[in-house]
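Raw upload_38.cif, mmCIF, C-alpha atoms:
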```cif
data_protein
#
loop_
_atom_site.label_atom_id
_atom_site.label_comp_id
_atom_site.auth_asym_id
_atom_site.auth_seq_id
_atom_site.Cartn_x
_atom_site.Cartn_y
_atom_site.Cartn_z
CA THR O 1 82.13 165.76 45.52
CA LEU O 2 83.20 166.29 41.92
CA GLY O 3 86.72 165.06 42.72
CA GLY O 4 85.30 162.05 44.52
CA LEU O 5 83.04 161.12 41.61
CA SER O 6 85.56 161.48 38.79
CA SER O 7 88.65 160.08 40.52
CA GLN O 8 87.02 156.72 41.26
CA ILE O 9 86.24 155.90 37.63
CA GLY O 10 89.46 154.00 36.95
CA VAL O 11 89.18 152.04 40.20
CA LEU O 12 85.58 151.04 39.48
CA VAL O 13 85.91 150.02 35.81
CA ILE O 14 86.91 146.40 36.46
CA PRO O 15 84.48 145.68 39.36
CA LEU O 16 81.63 147.27 37.37
CA ALA O 17 82.56 145.14 34.35
CA GLU O 18 82.58 142.01 36.52
CA ALA O 19 79.29 142.90 38.21
CA PHE O 20 77.38 143.16 34.93
CA GLY O 21 79.46 140.93 32.65
CA LEU O 22 80.80 143.76 30.49
CA ALA O 23 84.05 144.22 28.61
CA GLN O 24 86.40 146.66 30.33
CA THR O 25 86.12 149.14 27.46
CA ASP O 26 82.31 149.00 27.64
CA ALA O 27 82.37 149.52 31.40
CA ALA O 28 84.70 152.51 30.99
CA ALA O 29 82.45 153.98 28.31
CA LEU O 30 79.47 153.66 30.68
CA PHE O 31 81.00 156.39 32.83
CA SER O 32 80.38 158.82 29.98
CA TRP O 33 76.89 159.05 31.46
CA LEU O 34 78.43 160.43 34.63
CA THR O 35 80.78 162.85 32.88
CA GLY O 36 78.05 163.74 30.39
CA GLY O 37 75.77 164.47 33.32
CA ILE O 38 78.39 166.85 34.69
CA LEU O 39 78.34 168.65 31.34
CA ALA O 40 74.53 168.78 31.40
CA GLY O 41 74.70 170.23 34.90
CA ASN O 42 77.11 172.91 33.69
CA LEU O 43 74.62 173.84 30.95
CA LEU O 44 71.68 173.82 33.33
CA ALA O 45 73.58 176.05 35.75
CA ILE O 46 73.02 179.08 33.49
CA PRO O 47 69.18 179.18 33.78
CA ILE O 48 69.17 177.76 37.31
CA LEU O 49 71.59 180.32 38.76
CA ARG O 50 69.75 183.10 36.93
CA ARG O 51 66.30 182.01 38.13
CA PHE O 52 66.89 180.69 41.66
CA ASN O 53 68.82 182.10 44.58
CA MET O 54 72.17 180.51 45.32
CA LYS O 55 71.11 178.98 48.62
CA ASN O 56 68.24 176.97 47.14
CA ALA O 57 70.23 175.98 44.04
CA VAL O 58 73.09 174.53 46.08
CA ALA O 59 70.86 172.77 48.60
CA TRP O 60 68.57 171.13 46.05
CA CYS O 61 71.25 169.98 43.62
CA TYR O 62 73.18 168.18 46.36
CA LEU O 63 70.00 166.73 47.82
CA VAL O 64 69.32 165.19 44.39
CA LEU O 65 72.91 163.90 44.29
CA VAL O 66 72.47 162.17 47.65
CA ALA O 67 69.11 160.62 46.73
CA CYS O 68 70.31 159.26 43.37
CA SER O 69 73.52 157.89 44.88
CA ILE O 70 71.45 155.91 47.37
CA VAL O 71 69.22 154.53 44.59
CA LEU O 72 72.35 153.72 42.52
CA HIS O 73 73.63 151.70 45.44
CA LEU O 74 70.38 149.85 46.06
CA THR O 75 69.30 149.03 42.50
CA SER O 76 70.25 145.87 40.64
CA ALA O 77 68.61 146.97 37.38
CA PHE O 78 71.34 147.67 34.84
CA ALA O 79 69.05 149.94 32.80
CA LEU O 80 68.90 152.41 35.69
CA ILE O 81 72.68 152.66 36.15
CA PRO O 82 73.43 155.08 33.29
CA VAL O 83 70.39 157.23 34.08
CA LEU O 84 71.32 157.56 37.75
CA MET O 85 74.94 158.26 36.85
CA GLY O 86 73.76 161.06 34.57
CA VAL O 87 71.61 162.67 37.25
CA VAL O 88 74.38 162.44 39.85
CA GLY O 89 76.78 164.07 37.41
CA ALA O 90 74.29 166.83 36.58
CA ALA O 91 73.81 167.68 40.25
CA ALA O 92 77.57 167.85 40.78
CA GLY O 93 77.97 170.00 37.66
CA ILE O 94 75.46 172.58 38.91
CA GLY O 95 77.06 172.60 42.35
CA VAL O 96 80.58 173.29 41.12
CA CYS O 97 79.41 176.18 38.91
CA ALA O 98 77.65 177.72 41.90
CA ALA O 99 80.78 177.44 44.04
CA SER O 100 83.05 179.15 41.51
CA THR O 101 80.47 181.85 40.79
CA ILE O 102 80.51 182.80 44.46
CA ILE O 103 84.30 183.09 44.36
CA ALA O 104 84.30 185.07 41.09
CA GLN O 105 81.90 187.61 42.60
CA ILE O 106 83.82 188.09 45.83
CA TRP O 107 87.43 188.48 44.60
CA GLU O 108 89.36 189.85 41.64
CA GLY O 109 92.88 189.54 40.21
CA ARG O 110 95.40 187.38 42.02
CA ARG O 111 93.17 186.96 45.06
CA ARG O 112 90.60 185.34 42.80
CA GLN O 113 93.34 183.17 41.25
CA SER O 114 94.41 182.01 44.70
CA ALA O 115 90.84 181.30 45.83
CA LEU O 116 90.06 179.33 42.67
CA VAL O 117 93.27 177.33 42.98
CA ALA O 118 92.29 176.58 46.59
CA GLN O 119 89.20 174.87 45.12
CA ASP O 120 91.58 172.48 43.41
CA ALA O 121 92.96 171.60 46.84
CA PHE O 122 89.51 170.41 47.90
CA PHE O 123 88.98 168.65 44.56
CA ASN O 124 92.28 166.84 45.00
CA SER O 125 91.52 165.94 48.59
CA GLY O 126 88.43 164.14 47.29
CA GLY O 127 90.52 162.53 44.56
CA MET O 128 92.98 161.36 47.19
CA ALA O 129 90.49 160.03 49.72
CA PHE O 130 87.70 158.43 47.71
CA PRO O 131 89.74 156.09 45.46
CA ALA O 132 91.48 154.83 48.62
CA ILE O 133 88.10 154.31 50.29
CA ALA O 134 86.79 152.52 47.20
CA GLY O 135 89.89 150.33 47.03
CA VAL O 136 89.57 149.28 50.67
CA LEU O 137 85.87 148.52 50.22
CA LEU O 138 86.49 146.49 47.05
CA ALA O 139 89.26 144.53 48.78
CA ARG O 140 86.72 143.58 51.42
CA ASN O 141 84.23 142.38 48.80
CA PHE O 142 81.90 145.37 48.94
CA GLY O 143 80.12 146.26 45.71
CA TRP O 144 81.36 148.88 43.25
CA SER O 145 78.59 151.36 44.18
CA TRP O 146 79.83 151.74 47.76
CA GLY O 147 82.45 154.19 46.51
CA TYR O 148 79.79 156.60 45.26
CA LEU O 149 77.74 156.11 48.39
CA SER O 150 80.69 157.50 50.35
CA VAL O 151 80.61 160.61 48.14
CA ALA O 152 76.91 160.99 48.94
CA CYS O 153 77.83 161.39 52.62
CA VAL O 154 79.80 164.53 51.74
CA GLY O 155 76.90 165.71 49.60
CA GLY O 156 74.64 165.40 52.62
CA LEU O 157 77.01 167.60 54.62
CA ILE O 158 76.89 170.23 51.85
CA VAL O 159 73.09 170.21 52.00
CA VAL O 160 73.25 170.93 55.73
CA LEU O 161 75.78 173.74 55.24
CA ALA O 162 73.75 175.26 52.41
CA THR O 163 70.73 175.55 54.66
CA ILE O 164 72.80 177.35 57.32
CA LEU O 165 75.00 179.70 55.29
CA ARG O 166 73.94 182.74 53.23
CA PHE O 167 74.86 183.19 49.55
CA GLU O 168 74.76 186.10 47.17
CA ASN O 169 72.32 185.50 44.33
CA ALA O 170 74.32 185.16 41.12
CA GLY O 171 71.29 186.10 39.05
CA GLU O 172 71.15 189.59 40.54
CA GLN O 173 74.47 190.75 39.08
CA THR O 174 74.57 192.95 36.00
CA ASP O 175 76.04 191.61 32.79
CA GLN O 176 78.28 193.43 30.34
CA ALA O 177 75.91 194.04 27.45
CA ALA O 178 77.31 197.19 25.91
CA ASP O 179 80.46 195.77 24.33
CA PRO O 180 80.52 192.12 23.21
CA ALA O 181 84.32 192.25 22.89
CA ALA O 182 84.59 193.26 26.52
CA THR O 183 82.21 190.50 27.55
CA TRP O 184 83.72 187.63 25.53
CA PRO O 185 87.36 188.35 24.60
CA LEU O 186 89.49 185.79 22.77
CA GLY O 187 91.27 184.78 25.97
CA VAL O 188 88.05 183.44 27.49
CA TRP O 189 87.39 181.25 24.44
CA LEU O 190 91.00 180.03 24.37
CA ALA O 191 90.90 179.16 28.07
CA GLY O 192 87.73 177.15 27.44
CA ALA O 193 89.32 175.23 24.56
CA CYS O 194 92.40 174.48 26.66
CA LEU O 195 90.24 173.28 29.56
CA PHE O 196 88.33 170.96 27.20
CA THR O 197 91.61 169.40 26.06
CA ILE O 198 93.16 169.19 29.52
CA ILE O 199 90.17 167.34 30.96
CA VAL O 200 90.20 164.86 28.07
CA CYS O 201 93.81 164.11 29.08
CA PHE O 202 93.04 163.96 32.81
CA VAL O 203 90.01 161.68 32.51
CA THR O 204 91.82 159.41 30.03
CA ILE O 205 94.75 158.88 32.39
CA THR O 206 92.50 158.54 35.46
CA ILE O 207 90.50 155.80 33.73
CA TRP O 208 93.30 153.80 32.16
CA LEU O 209 96.14 154.10 34.67
CA PRO O 210 94.60 151.57 37.12
CA VAL O 211 93.73 149.25 34.23
CA LEU O 212 97.28 149.54 32.83
CA VAL O 213 98.79 148.66 36.22
CA GLN O 214 96.46 145.70 36.74
CA ASN O 215 96.93 144.31 33.24
CA ARG O 216 100.69 144.85 32.97
CA PHE O 217 101.81 144.06 36.53
CA GLY O 218 98.94 141.92 37.86
CA ALA O 219 98.33 144.33 40.73
CA SER O 220 95.30 144.01 43.01
CA PRO O 221 92.46 146.58 42.95
CA GLU O 222 93.61 147.85 46.34
CA ALA O 223 97.18 148.37 45.07
CA THR O 224 96.02 150.22 41.95
CA SER O 225 93.68 152.42 43.98
CA LEU O 226 96.65 153.42 46.13
CA ILE O 227 98.50 154.60 43.00
CA VAL O 228 95.52 156.76 42.04
CA SER O 229 95.41 158.05 45.60
CA ARG O 230 99.12 158.86 45.35
CA VAL O 231 98.38 161.01 42.29
CA PHE O 232 95.78 162.95 44.22
CA LEU O 233 97.85 163.06 47.42
CA THR O 234 100.59 164.91 45.54
CA ALA O 235 97.95 167.03 43.81
CA PHE O 236 96.37 167.80 47.17
CA LEU O 237 99.65 168.93 48.74
CA GLY O 238 100.74 170.73 45.58
CA SER O 239 97.49 172.66 45.27
CA PHE O 240 97.93 174.11 48.75
CA VAL O 241 101.44 175.27 47.83
CA PHE O 242 100.29 176.56 44.45
CA THR O 243 97.55 178.60 46.15
CA PHE O 244 100.35 180.89 47.34
CA VAL O 245 102.55 180.49 44.25
CA VAL O 246 99.93 181.99 41.92
CA MET O 247 99.89 185.08 44.12
CA LYS O 248 103.52 185.70 43.15
CA ILE O 249 103.88 184.74 39.46
CA ALA O 250 101.93 185.33 36.26
CA ILE O 251 99.18 182.74 35.87
CA HIS O 252 100.12 181.84 32.27
CA ARG O 253 103.68 180.99 33.34
CA PHE O 254 102.39 178.74 36.09
CA ILE O 255 100.02 177.03 33.63
CA ALA O 256 102.81 176.45 31.09
CA GLY O 257 104.94 174.72 33.74
CA VAL O 258 102.28 172.29 34.96
CA VAL O 259 101.09 171.47 31.42
CA LEU O 260 104.67 170.63 30.41
CA LEU O 261 104.95 168.33 33.44
CA GLY O 262 101.68 166.62 32.46
CA CYS O 263 102.97 166.10 28.91
CA ILE O 264 106.15 164.41 30.13
CA SER O 265 104.44 162.31 32.81
CA SER O 266 101.88 160.92 30.36
CA VAL O 267 104.65 159.39 28.24
CA TYR O 268 106.58 158.03 31.19
CA PHE O 269 103.59 156.06 32.52
CA VAL O 270 103.92 153.56 29.64
CA ASN O 271 107.71 153.52 29.53
CA VAL O 272 108.51 152.16 32.98
CA ASP O 273 109.17 148.56 33.98
CA SER O 274 107.76 148.19 37.47
CA ILE O 275 104.79 149.20 39.59
CA GLU O 276 107.18 151.13 41.85
CA GLU O 277 108.27 153.29 38.92
CA VAL O 278 104.64 153.89 37.97
CA ALA O 279 104.02 155.06 41.53
CA ASN O 280 106.91 157.50 41.24
CA VAL O 281 105.61 158.91 37.96
CA ALA O 282 102.23 159.24 39.65
CA LEU O 283 103.79 161.71 42.07
CA ALA O 284 104.95 163.91 39.19
CA TYR O 285 101.58 163.68 37.46
CA GLY O 286 99.91 164.70 40.71
CA LEU O 287 101.81 167.98 40.60
CA ALA O 288 100.78 168.42 36.97
CA ILE O 289 97.07 168.29 37.86
CA ALA O 290 97.40 169.94 41.28
CA ALA O 291 95.89 173.27 40.29
CA VAL O 292 95.54 173.14 36.51
CA TYR O 293 91.72 173.11 36.44
CA HIS O 294 90.97 176.32 38.29
CA SER O 295 94.16 178.05 37.19
CA PHE O 296 92.80 177.86 33.64
CA ILE O 297 89.50 179.26 34.89
CA ALA O 298 91.35 182.08 36.64
CA TRP O 299 93.34 182.70 33.46
CA GLY O 300 90.18 182.87 31.37
CA LEU O 301 88.40 185.19 33.82
CA SER O 302 91.41 187.53 33.82
CA PHE O 303 90.57 188.53 30.24
CA THR O 304 87.19 190.03 31.12
CA LYS O 305 86.62 193.12 33.24
CA ASN O 306 83.54 191.97 35.16
CA ALA O 307 83.32 188.18 35.44
CA ASN O 308 79.82 186.81 35.93
CA TYR O 309 78.06 183.47 36.15
CA ARG O 310 77.93 183.16 32.33
CA HIS O 311 81.74 183.29 32.09
CA VAL O 312 82.16 180.88 34.98
CA THR O 313 79.60 178.46 33.59
CA PHE O 314 81.15 178.58 30.10
CA LEU O 315 84.54 177.73 31.62
CA TYR O 316 82.93 174.71 33.28
CA ILE O 317 80.96 173.65 30.21
CA CYS O 318 84.15 173.26 28.18
CA PRO O 319 85.87 170.78 30.54
CA GLY O 320 82.48 169.17 31.14
CA LEU O 321 82.27 168.45 27.42
CA GLY O 322 85.81 167.09 27.50
CA GLY O 323 84.96 164.85 30.42
CA ALA O 324 81.83 163.64 28.67
CA ILE O 325 83.63 162.43 25.55
CA ALA O 326 86.86 161.27 27.21
CA PRO O 327 85.65 157.80 28.33
CA VAL O 328 84.26 156.96 24.86
CA PHE O 329 87.16 158.63 23.04
CA SER O 330 89.82 156.89 25.11
CA SER O 331 88.00 153.55 24.95
CA ARG O 332 88.08 153.70 21.15
CA VAL O 333 91.77 154.61 21.17
CA VAL O 334 92.49 151.64 23.44
CA ALA O 335 90.32 149.28 21.39
CA GLN O 336 92.01 150.30 18.14
CA PHE O 337 95.64 150.82 19.14
CA GLY O 338 96.15 149.41 22.64
CA ILE O 339 96.16 150.90 26.10
CA GLU O 340 99.59 152.53 25.72
CA TRP O 341 98.25 154.84 23.01
CA ALA O 342 95.75 156.37 25.42
CA PHE O 343 98.75 157.84 27.24
CA TYR O 344 100.57 158.86 24.06
CA VAL O 345 97.48 160.69 22.78
CA ALA O 346 97.15 162.46 26.14
CA SER O 347 100.77 163.59 25.86
CA ILE O 348 100.18 164.98 22.36
CA LEU O 349 97.12 166.90 23.55
CA TYR O 350 99.09 168.33 26.48
CA GLY O 351 101.65 169.56 23.96
CA LEU O 352 98.98 171.34 21.92
CA VAL O 353 97.67 173.10 25.04
CA LEU O 354 101.20 174.19 25.97
CA ALA O 355 101.68 175.67 22.50
CA ALA O 356 98.37 177.57 22.75
CA VAL O 357 99.25 179.05 26.15
CA LEU O 358 102.69 180.14 24.98
CA LEU O 359 101.30 181.72 21.80
CA GLN O 360 98.67 183.64 23.78
CA SER O 361 101.34 184.91 26.17
CA PHE O 362 103.09 186.67 23.27
CA ARG O 363 99.94 188.57 22.28
CA PRO O 364 99.68 192.13 23.63
CA PRO O 365 97.20 192.35 26.55
CA SER O 366 93.78 193.76 25.66
CA ARG O 367 92.36 196.78 27.43
CA PHE O 368 89.96 194.44 29.25
CA HIS O 369 92.69 192.21 30.70
CA VAL O 370 92.83 192.30 34.51
CA SER O 371 96.29 193.65 35.27
CA GLY O 372 96.57 191.79 38.54
CA SER O 373 96.66 188.52 36.63
CA ALA O 374 99.31 189.47 34.10
#
```

Go ahead and render the structure in this file as structure tokens.
Amino acid sequence: TLGGLSSQIGVLVIPLAEAFGLAQTDAAALFSWLTGGILAGNLLAIPILRRFNMKNAVAWCYLVLVACSIVLHLTSAFALIPVLMGVVGAAAGIGVCAASTIIAQIWEGRRRQSALVAQDAFFNSGGMAFPAIAGVLLARNFGWSWGYLSVACVGGLIVVLATILRFENAGEQTDQAADPAATWPLGVWLAGACLFTIIVCFVTITIWLPVLVQNRFGASPEATSLIVSRVFLTAFLGSFVFTFVVMKIAIHRFIAGVVLLGCISSVYFVNVDSIEEVANVALAYGLAIAAVYHSFIAWGLSFTKNANYRHVTFLYICPGLGGAIAPVFSSRVVAQFGIEWAFYVASILYGLVLAAVLLQSFRPPSRFHVSGSA
């Protein structure tokens, strides 16, 4: 669901702007309520997962997501749109923290890395399918909210599964309280900072790539949605391959490679002369985002001996914060310097992340570092 919600933003900016008579930059900034809601959900996950059992937490958060998506579709009151977006985002933010906490408790080392990267495969499958669905619906004159209503259908399925399956209660695990250095080593904080920056880049490109293609080449909404779907198609296929790759190589080397590819792709998006070339660059960028999200989480968790829901939630809060500010941040960049600079800024930020990962790789491993991830 999180992939379905975030990947549609760029496709829905123009129809949302037209529906309510907004400037494109204002419509894009409105989605900060959604991404900010995801951040709020990440923050709320800490007390919720500590207080309630996993089964109830998952079922109720996705039930709220479904209900608010239906209201979002039915309402014509503009004042309710940002509020509903925020609640939908919060529900998705809690749900994704719960999912990764389950994985962090079950596996360790490279098995955990592989399982977390497999989550990216599902994220990318949503990013591949839902923009295409939204594009087809928009081409047939359906409203912009139909795209999120399709995500609610998947949320309903998760509610059903949550009532059937059994989950370990994250709140029952013991925390590392004896040694703060063991609990929160530098690598965890660095992974969080890198995730914050990476998601700023990802959301910026996801928002402005469809707008760039429509403005520069006069492409239809359906054609631009297919380019976004191409990004996530490659990401979807790549994440399945990378699930096995991270079992064989050090996670920081894998991260360095995909971040470098993201840096190069971001620049190329605004230095091509046809929509066909943009589509080709989209394939490369898809590989760059294929597994970067959860590979950073796996990298961060590898620095602590006993990962728990606090570590997992922190590593979701950081990208949640990045996603929350990215629409407003990128809108201001575009308003001040032009749409091309959104991509140049993303490339610079990718470069900073690459430098941080490489510098950390030269540090000697701490005694708390999980050897299976080195």

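Put simply, CA of Ile103 (chain O) is 12.4 Å away from CA of Met54 (chain O).
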
### Query
So what do you get for CA of Val188 (chain O) versus CA of Trp299 (chain O), distance-wise?
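We find that CA of Val188 (chain O) and CA of Trp299 (chain O) lie 8.0 Å from each other.
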
### For Val159 (chain O), the nearest of the candidates O:Thr243, O:Asn56, O:Asn280, O:Asn215, counting all atoms listed in the file
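Going through O:Thr243, O:Asn56, O:Asn280, O:Asn215 one by one, the smallest distance to Val159 (chain O) is for O:Asn56.
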
### Message
For this structure, which residues satisfy the selection - the PyMOL selection byres ((chain O and resi 312) around 12) - when it is evaluated on the file as given? I want them as a ChimeraX atom specification.
### Response
/O:42-43,45-46,49,93-94,96-105,116,170,184,188-189,191-192,294,296-302,304,306-311,313-319

### Message
For the PyMOL selection byres ((chain O and resi 163) around 9), applied here, can you spell out every residue it catches as a ChimeraX atom specification?
### Response
/O:55-56,58-59,158-162,164-166

Residues within 10 Å of Val117 (chain O), please, as a short mmCIF file (atom, residue, chain, number, x, y, z; two decimals) with C-alpha atoms, in the coordinates of the input. Count only C-alpha atoms; anything in the same chain fewer than 2 positions from it doesn't count.
```cif
data_model
loop_
_atom_site.label_atom_id
_atom_site.label_comp_id
_atom_site.auth_asym_id
_atom_site.auth_seq_id
_atom_site.Cartn_x
_atom_site.Cartn_y
_atom_site.Cartn_z
CA ARG O 111 93.17 186.96 45.06
CA ARG O 112 90.60 185.34 42.80
CA GLN O 113 93.34 183.17 41.25
CA SER O 114 94.41 182.01 44.70
CA ALA O 115 90.84 181.30 45.83
CA GLN O 119 89.20 174.87 45.12
CA ASP O 120 91.58 172.48 43.41
CA ALA O 121 92.96 171.60 46.84
CA PHE O 122 89.51 170.41 47.90
CA PHE O 123 88.98 168.65 44.56
CA SER O 239 97.49 172.66 45.27
CA PHE O 240 97.93 174.11 48.75
CA VAL O 241 101.44 175.27 47.83
CA PHE O 242 100.29 176.56 44.45
CA THR O 243 97.55 178.60 46.15
CA PHE O 244 100.35 180.89 47.34
CA VAL O 245 102.55 180.49 44.25
CA VAL O 246 99.93 181.99 41.92
CA ALA O 290 97.40 169.94 41.28
CA ALA O 291 95.89 173.27 40.29
CA VAL O 292 95.54 173.14 36.51
CA TYR O 293 91.72 173.11 36.44
CA HIS O 294 90.97 176.32 38.29
CA SER O 295 94.16 178.05 37.19
CA PHE O 296 92.80 177.86 33.64
CA ILE O 297 89.50 179.26 34.89
CA ALA O 298 91.35 182.08 36.64
#
```

### Query
CA of Leu74 (chain O) to CA of Met128 (chain O): how many Å, to one decimal?
25.4 Å

#### Entry: Evaluate the PyMOL selection byres ((chain O and resi 148) around 8) and report residues as an MDAnalysis selection string
chainID O and resid 4:5 69 73 145:147 149:152

### Task
Would you list the residues near (71.8, 168.7, 45.3) (no more than 9 Å away, in the coordinates of the file, using all atoms listed in the file) as a ChimeraX atom specification?
/O:57-67,88,91-92,94-95,155-156,158-159

### Message
Just checking: using all atoms listed in the file, which residue out of O:Ala288, O:Ile133, O:Ala27, O:Leu44 ends up closest to Phe236 (chain O)?
### Response
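Distance minimum relative to Phe236 (chain O) lands on O:Ala288.
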
### Summary
Across O:Leu72, O:Leu261, O:Ala90, O:Glu18, the smallest distance to Ile38 (chain O), with only C-alpha atoms counted, is shown by O:Ala90

#### Entry: Close residues, Ala326 (chain O) itself excluded, 10 Å, all atoms listed in the file, min 2 positions apart in chain, as JSON, numbers by chain
{"O": [28, 29, 31, 32, 35, 36, 196, 197, 199, 200, 201, 202, 203, 204, 205, 207, 320, 321, 322, 323, 324, 328, 329, 330, 331, 332]}

So that I can check the surroundings of Gly135 (chain O), please list as an mmCIF file with C-alpha atoms, keeping the file's coordinate frame every protein, DNA and RNA residue that reaches within 9 Å of it, counting all atoms listed in the file and ignoring chain neighbours fewer than 3 positions away.
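After the write, around_26.cif holds the following:
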```
data_model
loop_
_atom_site.group_PDB
_atom_site.id
_atom_site.type_symbol
_atom_site.label_atom_id
_atom_site.label_comp_id
_atom_site.auth_asym_id
_atom_site.auth_seq_id
_atom_site.Cartn_x
_atom_site.Cartn_y
_atom_site.Cartn_z
ATOM 1 C CA VAL O 11 89.180 152.040 40.200
ATOM 2 C CA LEU O 12 85.580 151.040 39.480
ATOM 3 C CA PHE O 130 87.700 158.430 47.710
ATOM 4 C CA PRO O 131 89.740 156.090 45.460
ATOM 5 C CA ALA O 132 91.480 154.830 48.620
ATOM 6 C CA LEU O 138 86.490 146.490 47.050
ATOM 7 C CA ALA O 139 89.260 144.530 48.780
ATOM 8 C CA ARG O 140 86.720 143.580 51.420
ATOM 9 C CA GLY O 147 82.450 154.190 46.510
ATOM 10 C CA PRO O 221 92.460 146.580 42.950
ATOM 11 C CA GLU O 222 93.610 147.850 46.340
ATOM 12 C CA ALA O 223 97.180 148.370 45.070
ATOM 13 C CA THR O 224 96.020 150.220 41.950
ATOM 14 C CA SER O 225 93.680 152.420 43.980
ATOM 15 C CA LEU O 226 96.650 153.420 46.130
#
```

### Within 12 Å of Ala19 (chain O) using all atoms listed in the file, minus same-chain residues under 5 positions, as a list of chain:residue names
O:Leu12, O:Val13, O:Ile14, O:Gln24, O:Ala27, O:Ser76, O:Ala77, O:Phe78, O:Ile81, O:Leu138, O:Asn141, O:Phe142, O:Gly143, O:Trp144, O:Ser145

Would you write out, as a tab-separated table, a table of all residues in region 228-310 of chain O that have an atom no more than 10 Å from an atom of region 341-357 of chain O, listing for each the closest atom pair and the distance in Å to one decimal, considering all atoms listed in the file and ordering rows by chain and rising residue number?
```
residue	atom	partner	partner_atom	distance
O:His252	CA	O:Val357	CA	6.8
O:Arg253	CA	O:Val357	CA	8.7
O:Ile255	CA	O:Val357	CA	7.8
O:Ala256	CA	O:Leu354	CA	5.8
O:Gly257	CA	O:Leu354	CA	8.6
O:Val258	CA	O:Leu354	CA	9.3
O:Val259	CA	O:Leu354	CA	6.1
O:Leu260	CA	O:Leu354	CA	6.7
O:Leu261	CA	O:Tyr350	CA	9.1
O:Gly262	CA	O:Tyr350	CA	6.7
O:Cys263	CA	O:Ser347	CA	4.5
O:Ile264	CA	O:Ser347	CA	6.9
O:Ser265	CA	O:Ser347	CA	8.0
O:Ser266	CA	O:Ser347	CA	5.3
O:Val267	CA	O:Tyr344	CA	5.9
O:Tyr268	CA	O:Phe343	CA	8.8
O:Phe269	CA	O:Phe343	CA	7.4
O:Val270	CA	O:Phe343	CA	7.1
O:Phe296	CA	O:Val357	CA	10.0
```

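Once Leu233 (chain O) and its same-chain neighbours fewer than 3 positions away are set aside, Asn124, Ser125, Gly127, Met128, Ala129, Val228, Ser229, Arg230, Phe236, Leu237, Gly238, Leu283 and Gly286 of chain O remain within 9 Å of it when counting all atoms listed in the file.
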
### Query
Restricting the calculation to only C-alpha atoms, which member of O:Gln214, O:Thr25, O:Ser6, O:Asn53 is positioned closest to Ala335 (chain O)?
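With only C-alpha atoms as the atom set, the closest residue is O:Thr25.
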
Exercise on region 129-133 of chain O, axis-aligned box with 6 Å per side, report centre and edge lengths in Å to one decimal, as lines of an AutoDock Vina configuration file:
```
center_x = 89.6
center_y = 157.2
center_z = 47.9
size_x = 15.8
size_y = 17.7
size_z = 16.8
```
